[in-house]
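So this one's run15.tsv, TSV, C-alpha atoms:
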```
chain	number	residue	atom	x	y	z
M	1	MET	CA	-54.69	44.81	39.43
M	2	LYS	CA	-51.95	47.42	39.35
M	3	PRO	CA	-50.97	49.10	42.65
M	4	ILE	CA	-51.74	52.55	41.30
M	5	VAL	CA	-55.25	51.41	40.37
M	6	LYS	CA	-55.75	49.96	43.85
M	7	ILE	CA	-54.64	53.23	45.42
M	8	ALA	CA	-56.98	55.21	43.16
M	9	LEU	CA	-59.92	52.94	44.03
M	10	ALA	CA	-59.10	53.22	47.73
M	11	LEU	CA	-59.06	57.02	47.52
M	12	VAL	CA	-62.34	57.07	45.62
M	13	GLY	CA	-63.87	54.76	48.22
M	14	ALA	CA	-62.65	56.94	51.08
M	15	VAL	CA	-64.08	60.06	49.47
M	16	LEU	CA	-67.39	58.30	48.83
M	17	ILE	CA	-67.61	57.16	52.45
M	18	ALA	CA	-66.81	60.68	53.67
M	19	VAL	CA	-69.52	62.13	51.43
M	20	LEU	CA	-72.09	59.57	52.60
M	21	LEU	CA	-71.24	60.24	56.22
M	22	ARG	CA	-71.57	63.94	55.59
M	23	LEU	CA	-74.95	63.52	53.92
M	24	PHE	CA	-76.55	60.90	56.15
M	25	ALA	CA	-74.65	60.47	59.41
M	26	VAL	CA	-72.75	63.52	60.65
M	27	GLY	CA	-72.86	67.20	59.80
M	28	THR	CA	-71.03	70.26	61.05
M	29	TYR	CA	-72.72	73.54	61.89
M	30	SER	CA	-71.70	76.91	63.24
M	31	VAL	CA	-73.43	78.39	66.30
M	32	PRO	CA	-75.06	81.60	64.98
M	33	PHE	CA	-75.80	83.49	68.22
M	34	GLU	CA	-75.20	83.77	71.97
M	35	GLY	CA	-78.58	82.33	72.91
M	36	MET	CA	-77.25	78.88	73.79
M	37	GLU	CA	-74.57	80.08	76.23
M	38	PRO	CA	-73.04	78.65	78.32
M	39	ALA	CA	-73.62	75.31	76.56
M	40	LEU	CA	-72.54	76.72	73.18
M	41	HIS	CA	-70.76	79.94	72.29
M	42	ARG	CA	-71.29	81.98	69.16
M	43	GLY	CA	-68.90	80.97	66.38
M	44	GLU	CA	-68.17	77.51	67.75
M	45	ARG	CA	-68.63	74.65	65.32
M	46	ILE	CA	-70.40	71.51	66.39
M	47	LEU	CA	-70.86	67.97	65.17
M	48	VAL	CA	-74.49	67.04	64.56
M	49	ASN	CA	-75.71	63.45	64.57
M	50	LYS	CA	-78.08	62.99	61.63
M	51	TRP	CA	-78.00	59.20	61.55
M	52	ASN	CA	-81.50	57.82	62.18
M	53	TYR	CA	-82.23	60.67	64.59
M	54	GLY	CA	-85.85	59.90	65.34
M	55	ARG	CA	-85.75	59.42	69.11
M	56	ILE	CA	-85.95	62.99	70.26
M	57	HIS	CA	-85.84	63.63	73.97
M	58	ARG	CA	-86.64	66.63	76.12
M	59	ARG	CA	-83.60	68.89	76.62
M	60	ASP	CA	-81.82	67.62	73.52
M	61	VAL	CA	-79.89	70.41	71.78
M	62	ILE	CA	-80.92	70.19	68.14
M	63	VAL	CA	-80.12	71.84	64.83
M	64	PHE	CA	-83.22	72.52	62.74
M	65	GLN	CA	-84.48	74.44	59.76
M	66	ASP	CA	-86.02	77.79	60.64
M	67	PRO	CA	-89.80	77.11	60.59
M	68	SER	CA	-90.51	80.68	59.48
M	69	VAL	CA	-88.38	80.41	56.31
M	70	GLU	CA	-89.98	78.52	53.45
M	71	ASP	CA	-86.82	77.59	51.56
M	72	GLY	CA	-85.37	75.81	54.62
M	73	LYS	CA	-81.89	77.22	54.04
M	74	LYS	CA	-81.57	78.99	57.40
M	75	THR	CA	-80.62	76.74	60.31
M	76	LEU	CA	-81.03	77.41	64.01
M	77	ILE	CA	-79.96	75.75	67.25
M	78	GLY	CA	-82.12	75.28	70.31
M	79	ARG	CA	-83.10	73.00	73.16
M	80	VAL	CA	-86.22	70.82	73.07
M	81	MET	CA	-88.35	71.92	76.01
M	82	ALA	CA	-91.69	70.25	75.26
M	83	MET	CA	-92.60	67.08	73.41
M	84	PRO	CA	-95.57	66.32	71.13
M	85	GLY	CA	-98.79	66.03	73.11
M	86	GLU	CA	-97.49	67.89	76.16
M	87	VAL	CA	-99.21	70.97	77.54
M	88	ILE	CA	-97.14	74.06	78.22
M	89	TYR	CA	-98.05	77.40	79.77
M	90	MET	CA	-97.17	80.85	78.47
M	91	ASP	CA	-97.91	84.25	79.95
M	92	HIS	CA	-98.24	87.59	78.14
M	93	GLU	CA	-94.49	88.23	78.49
M	94	PHE	CA	-93.65	84.91	76.80
M	95	HIS	CA	-92.39	83.25	79.98
M	96	PHE	CA	-92.60	79.50	79.58
M	97	SER	CA	-93.23	76.67	82.00
M	98	HIS	CA	-94.65	73.16	82.29
M	99	ALA	CA	-96.35	74.23	85.54
M	100	VAL	CA	-99.74	75.91	85.86
M	101	ASN	CA	-98.65	78.54	88.37
M	102	LEU	CA	-96.14	80.22	86.09
M	103	GLN	CA	-96.77	83.57	87.71
M	104	ASP	CA	-98.87	84.34	90.76
M	105	THR	CA	-100.15	87.66	89.48
M	106	LEU	CA	-100.75	86.95	85.79
M	107	PRO	CA	-102.59	83.97	84.31
M	108	ALA	CA	-100.65	81.58	82.08
M	109	GLN	CA	-102.62	80.02	79.25
M	110	PRO	CA	-102.28	76.31	78.37
M	111	ILE	CA	-100.99	75.40	74.91
M	112	MET	CA	-100.88	71.82	73.65
M	113	VAL	CA	-97.91	70.90	71.47
M	114	PRO	CA	-99.36	69.12	68.40
M	115	LEU	CA	-99.10	65.33	68.33
M	116	LYS	CA	-99.68	63.49	65.06
M	117	ASP	CA	-103.33	62.53	64.47
M	118	ILE	CA	-104.43	63.84	67.88
M	119	GLU	CA	-106.98	66.65	68.10
M	120	VAL	CA	-105.65	69.93	69.50
M	121	PRO	CA	-108.32	72.19	71.06
M	122	VAL	CA	-108.48	75.70	69.67
M	123	ARG	CA	-108.74	78.58	72.13
M	124	PRO	CA	-108.56	82.36	71.60
M	125	TRP	CA	-105.01	82.43	72.98
M	126	ASN	CA	-103.65	79.69	70.69
M	127	ALA	CA	-105.74	80.27	67.54
M	128	THR	CA	-103.05	82.36	65.82
M	129	LEU	CA	-100.36	79.81	66.68
M	130	MET	CA	-102.54	77.01	65.25
M	131	ARG	CA	-103.23	79.01	62.08
M	132	ASN	CA	-99.54	79.70	61.49
M	133	THR	CA	-98.66	76.03	61.96
M	134	LEU	CA	-101.43	74.85	59.64
M	135	THR	CA	-100.62	77.29	56.85
M	136	LEU	CA	-96.83	76.97	57.03
M	137	HIS	CA	-96.44	73.23	57.59
M	138	GLU	CA	-99.74	71.45	56.97
M	139	ASN	CA	-100.78	73.09	53.68
M	140	GLN	CA	-104.21	73.98	55.06
M	141	PRO	CA	-105.91	77.32	54.31
M	142	ALA	CA	-106.55	78.65	57.80
M	143	GLU	CA	-107.42	82.07	59.18
M	144	VAL	CA	-108.39	83.64	62.48
M	145	LYS	CA	-111.44	85.85	62.99
M	146	ASN	CA	-112.39	87.26	66.39
M	147	GLY	CA	-110.24	84.71	68.17
M	148	LYS	CA	-111.72	81.76	66.30
M	149	LEU	CA	-109.97	79.45	63.84
M	150	TYR	CA	-111.40	78.82	60.38
M	151	ILE	CA	-110.16	76.11	58.00
M	152	ASP	CA	-111.47	76.27	54.43
M	153	GLY	CA	-113.86	78.94	55.65
M	154	LYS	CA	-115.38	76.73	58.35
M	155	GLU	CA	-115.02	77.42	62.05
M	156	THR	CA	-113.28	74.57	63.87
M	157	PRO	CA	-113.02	74.01	67.65
M	158	HIS	CA	-110.06	71.68	67.18
M	159	CYS	CA	-107.52	70.75	64.52
M	160	ASN	CA	-105.40	67.76	63.52
M	161	PHE	CA	-101.80	67.57	62.35
M	162	THR	CA	-100.01	65.10	60.09
M	163	GLN	CA	-96.73	65.08	62.02
M	164	ASN	CA	-95.28	65.68	65.47
M	165	TYR	CA	-94.15	69.11	66.63
M	166	TYR	CA	-91.78	70.35	69.32
M	167	TRP	CA	-91.39	73.43	71.48
M	168	VAL	CA	-87.78	74.59	71.21
M	169	MET	CA	-86.10	77.37	73.18
M	170	THR	CA	-82.73	79.00	73.60
M	171	ASP	CA	-80.98	78.63	76.96
M	172	ASN	CA	-80.90	82.41	77.30
M	173	GLU	CA	-84.53	83.56	77.38
M	174	SER	CA	-83.55	87.09	76.36
M	175	THR	CA	-82.63	85.71	72.92
M	176	LEU	CA	-85.97	85.44	71.16
M	177	SER	CA	-84.84	83.09	68.35
M	178	ASP	CA	-86.98	80.16	69.38
M	179	SER	CA	-90.55	78.87	69.52
M	180	ARG	CA	-91.72	82.03	71.28
M	181	LEU	CA	-91.02	83.79	67.96
M	182	PHE	CA	-91.72	81.22	65.22
M	183	GLY	CA	-93.95	78.69	66.98
M	184	PHE	CA	-93.72	74.92	66.91
M	185	VAL	CA	-90.87	73.12	65.15
M	186	PRO	CA	-92.13	70.36	62.82
M	187	GLU	CA	-90.42	67.00	63.05
M	188	ASP	CA	-89.42	67.11	59.37
M	189	HIS	CA	-87.46	70.33	60.03
M	190	ILE	CA	-85.14	68.70	62.57
M	191	ILE	CA	-81.69	68.03	61.11
M	192	GLY	CA	-80.08	66.27	64.06
M	193	LYS	CA	-78.75	66.38	67.59
M	194	ALA	CA	-75.72	68.47	68.55
M	195	THR	CA	-73.10	66.13	70.02
M	196	ARG	CA	-69.60	67.66	70.28
M	197	ILE	CA	-67.79	70.96	69.89
M	198	TRP	CA	-65.05	70.39	67.33
M	199	PHE	CA	-63.90	73.98	66.81
M	200	THR	CA	-63.60	76.71	69.44
M	201	THR	CA	-61.19	79.44	70.49
M	202	GLN	CA	-61.20	78.05	74.03
M	203	LEU	CA	-58.99	74.98	74.26
M	204	SER	CA	-60.79	73.73	77.38
M	205	ARG	CA	-64.03	73.47	75.40
M	206	LEU	CA	-62.57	71.55	72.45
M	207	TRP	CA	-64.41	68.26	71.85
M	208	LYS	CA	-66.72	68.99	74.76
M	209	LYS	CA	-69.98	67.05	74.80
M	210	VAL	CA	-73.02	69.24	74.14
M	211	GLU	CA	-75.41	68.99	77.08
```
Turn the structure described in the file into structure tokens.
Amino acid sequence: MKPIVKIALALVGAVLIAVLLRLFAVGTYSVPFEGMEPALHRGERILVNKWNYGRIHRRDVIVFQDPSVEDGKKTLIGRVMAMPGEVIYMDHEFHFSHAVNLQDTLPAQPIMVPLKDIEVPVRPWNATLMRNTLTLHENQPAEVKNGKLYIDGKETPHCNFTQNYYWVMTDNESTLSDSRLFGFVPEDHIIGKATRIWFTTQLSRLWKKVE
């Protein structure tokens, strides 16, 4: 085989490997807002591990498709704060906690994060959230009437889901670009885990691990 052919094949192979890595292993994304400061600053670019990312842990910083956008083209960044099957508490001002006594003066209502094939109880305070999740991600015709959930026109005290969901929040609670706005994040919307900062205007942050 001629040297020039070998070089050409090597270049083609390198490009192919780079493309495969880009598609299946590692991606790069730009941080779109200030909500993840100080962990991530707006405009920084991060490496995202997409390779077999199925073991999601609490407090992972993830890149995911916006659950409120049907075409899936808009991506967001947030931190996993609650896992499938866990119960969280939310008050009327959208303050979040794993603890019951979120606020002493105002009651915080329990909300179960959907776990695949496990029944989630429907209550007046989570009925709308359940309806949105069912219609957007489970292809089920659901509606809410007088605080009650109806699927296919039938009232249901509980509902089931075909995949796991996560409660994702920004580090800065004043930035409402998280689950408080769009609800649960389906597992099939998660692109990968943010790992390193590879571009930033601050030299001290270059190649910093995302934590």
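Closest approach to Ile197 in chain M among M:Leu176, M:Leu47, M:Met36, M:Val120 is made by M:Leu47 (distances from all atoms listed in the file).
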Nearest to Met90 in chain M, chosen from M:Trp51, M:Trp167, M:Phe161, M:Phe64, with all atoms listed in the file counted in the distances | M:Trp167
Taking into account only C-alpha atoms, which residue in the set M:Asn160, M:Thr75, M:Thr200, M:Asn172 is nearest to Pro38 in chain M?
-> M:Asn172
With all atoms listed in the file as the basis for distance, which of M:Arg180, M:Val48, M:Lys154, M:His189 is at the shortest distance from Asp91 in chain M?
-> M:Arg180
Looking at M:His158, M:Lys208, M:Arg42, M:Arg59, which one is nearest to Met112 in chain M, with distances taken over only C-alpha atoms?
->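 Nearest candidate to Met112 in chain M out of M:His158, M:Lys208, M:Arg42, M:Arg59: M:His158.
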For CA of Trp198 in chain M and CA of Ala82 in chain M, determine how far apart the two atoms are, in Å to one decimal place.
->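 According to the coordinates, CA of Trp198 in chain M and CA of Ala82 in chain M are separated by 27.8 Å.
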Between CA of Val113 in chain M and CA of Glu37 in chain M, measure the distance and give it in Å to one decimal.
-> 25.5 Å
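Proximity ranking of M:Leu115, M:Ile88, M:Ile4, M:Val61 relative to Leu76 in chain M places M:Val61 first, based on only C-alpha atoms.
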Could you name the residues that touch Val87 in chain M at 12 Å or less, counting only C-alpha atoms, but leaving out those on the same chain fewer than 5 positions away, as a tab-separated table (two decimals) with C-alpha atoms, in the frame of the given file?
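Writing done, so here's out.tsv:
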```
chain	number	residue	atom	x	y	z
M	81	MET	CA	-88.35	71.92	76.01
M	82	ALA	CA	-91.69	70.25	75.26
M	96	PHE	CA	-92.60	79.50	79.58
M	97	SER	CA	-93.23	76.67	82.00
M	98	HIS	CA	-94.65	73.16	82.29
M	99	ALA	CA	-96.35	74.23	85.54
M	100	VAL	CA	-99.74	75.91	85.86
M	108	ALA	CA	-100.65	81.58	82.08
M	109	GLN	CA	-102.62	80.02	79.25
M	110	PRO	CA	-102.28	76.31	78.37
M	111	ILE	CA	-100.99	75.40	74.91
M	112	MET	CA	-100.88	71.82	73.65
M	113	VAL	CA	-97.91	70.90	71.47
M	114	PRO	CA	-99.36	69.12	68.40
M	115	LEU	CA	-99.10	65.33	68.33
M	120	VAL	CA	-105.65	69.93	69.50
M	121	PRO	CA	-108.32	72.19	71.06
M	126	ASN	CA	-103.65	79.69	70.69
M	166	TYR	CA	-91.78	70.35	69.32
M	167	TRP	CA	-91.39	73.43	71.48
```
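Coordinates place CA of Asp188 in chain M at a distance of 25.9 Å from CA of Pro157 in chain M.
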